[in-house]
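Peer 1: This is the structure, below, for whatever I ask next.
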Amino acid sequence: MPPLAWSQMNGPRVWVEAWSPEYGSSFDLDEDLAASEEEVDAGVEMEDWTPVSPLAIPWPKVAFIDGVTRVDARAFLDHRGAAVPGICGSVGVGSVFSEETASFGPWEVGRATVFTSGATYEARPLTGGISYAARSVPGPNPNDARKGLEAFRAEMEAELARKLAREGFLVIADGALGVREPLEVVGFIKSHHKTYVGPEQEPVVVALAAGQRTPMFAFGEVRPRYSWYLRLAPREGQHPWAGIARCEVSAAISFERARELADLVTFHLPRFASKEFWDSRAPQNLVPIASLERRLWHLLGDRDLIFRRIRSAFVESGGSDV
């Protein structure tokens, strides 16, 4: 029996998603997010949409990139007579090289204290050589601090992507594209919180077979991008968007090269699709990305030990243990 089946015994179809609930949903649209707020040009490659089946293309030297974010401790800072919330967080970014064999590439761990309301705090170095950079966000809410930590991670990921792309790698970065330069970096988005196609094009997306893609579309005034949907694995009774990922590249590269990259990743990425018995985010989570995430969590260090060191450092520097 397929791991995610539908039932229509005495009513409408019901699908149970194989993606583990702890990660949210791979397909999470509501009426407010049903369409992208940006103007989308769906006819940039072809006006009449049909599935595209790329021909075999040699696999170049490729670097998969991803990052992880962890809140090590939550804190409050006395700022202008008010207690503002913040976090101490760790970020790990790294890469996996895919050539004749797979191997881990460069990685880096960064740590930061992020306080809200524009406040900053220069934390003293912890024992063991661990230090936290001071960062701030303008918003007042605790969730703004988390967004600031995520922005820190995005900066680190983009810098690593630029470095490897300039070294001649085709970079496949997990998540939305963070590079605007004319570099060969493909953003790989495995969950969908808005749609970039209209009712005329959506039937083409859900009809894709594994290894097929949609025609490219273009959007983004601030960050112009070419994008396309592809299917990584057969549906096997799953909901229509199961196994669908979206990719994007900067429109700073030529249209012809963007189309070549769309064909290349669509042809090759299905062989990297993870399996549900091994990965709770299968099939959209690629095997190199899943392996890299596990390594990065290890490289962040023991959270309980770091938490105790943070508390000691704050108290010794005149703070209070709350």
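Please note that chains go A, B, ... in the order of the structure tokens, that every chain numbers its residues from 1, and that ligands are numbered from 1 in the order shown.
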When you look at Thr69 in chain A with a cut-off of 9 Å (counting only C-alpha atoms), what residues show up, excluding the ones that are within fewer than 6 positions of it in the same chain? I need them as JSON, numbers by chain.

Peer 2: {"A": [89, 90, 91, 92, 93, 149, 150, 153, 297]}

Peer 1: So that I have them on file, write out the residues from the current selection with N, CA and C atoms, as a short mmCIF file (atom, residue, chain, number, x, y, z; two decimals), in the first residue's frame.

Peer 2:
```
data_model
loop_
_atom_site.label_atom_id
_atom_site.label_comp_id
_atom_site.auth_asym_id
_atom_site.auth_seq_id
_atom_site.Cartn_x
_atom_site.Cartn_y
_atom_site.Cartn_z
N GLY A 89 21.42 32.47 19.36
CA GLY A 89 21.18 31.40 18.41
C GLY A 89 22.42 30.97 17.67
N SER A 90 22.39 29.73 17.20
CA SER A 90 23.48 29.17 16.41
C SER A 90 22.98 28.84 15.01
N VAL A 91 23.85 29.04 14.05
CA VAL A 91 23.54 28.79 12.65
C VAL A 91 24.66 27.96 12.05
N GLY A 92 24.30 26.92 11.32
CA GLY A 92 25.28 26.13 10.59
C GLY A 92 24.93 26.10 9.13
N VAL A 93 25.90 26.35 8.26
CA VAL A 93 25.70 26.24 6.82
C VAL A 93 26.81 25.36 6.26
N LEU A 149 17.51 35.91 13.24
CA LEU A 149 18.44 34.79 13.21
C LEU A 149 18.37 34.06 11.87
N GLU A 150 17.16 33.91 11.33
CA GLU A 150 17.00 33.29 10.03
C GLU A 150 17.66 34.13 8.94
N ARG A 153 21.31 33.41 8.94
CA ARG A 153 21.58 32.16 8.23
C ARG A 153 21.54 32.37 6.72
N TRP A 297 23.59 19.77 12.31
CA TRP A 297 23.08 19.73 13.68
C TRP A 297 24.16 19.25 14.64
#
```

Peer 1: Check the DSSP output for the backbone and give back, as a PyMOL selection string, the residues of range 49-272 of chain A in strand (DSSP E or B).

Peer 2: chain A and resi 52+62-79+82-98+102-115+126+130+133-136+170-175+185-189+192+213+217-219+225-231+244-250

Peer 1: Go through A:Val249, A:Ile87, A:Val186, A:Met216 and flag the residue nearest Phe115 in chain A, using only C-alpha atoms for the distances.

Peer 2: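 Selected residue with least distance to Phe115 in chain A: A:Ile87.
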
Peer 1: Just the residues within 8 Å of Tyr121 in chain A, please, counting only C-alpha atoms, with nothing from its chain fewer than 2 positions along; format it as a VMD selection string.

Peer 2: chain A and resid 77 113 115 119 123 134 to 135

Peer 1: Mind giving me the straight-line distance from CA of Ile289 in chain A to CA of Gly301 in chain A in Å, one decimal?

Peer 2: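 Going from CA of Ile289 in chain A over to CA of Gly301 in chain A covers 19.4 Å.
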
Peer 1: So, counting only C-alpha atoms, which residue among A:Thr266, A:Ser95, A:Ser53, A:Ser312 is closest to Leu292 in chain A?

Peer 2: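 The answer is A:Ser95, which sits nearest to Leu292 in chain A.
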
Peer 1: Can you tell me, as an MDAnalysis selection string, what residues are no more than 7 Å from range 142-147 of chain A when counting only C-alpha atoms, ignoring any on the same chain fewer than 5 positions away?

Peer 2: chainID A and resid 85:87 114:116 137
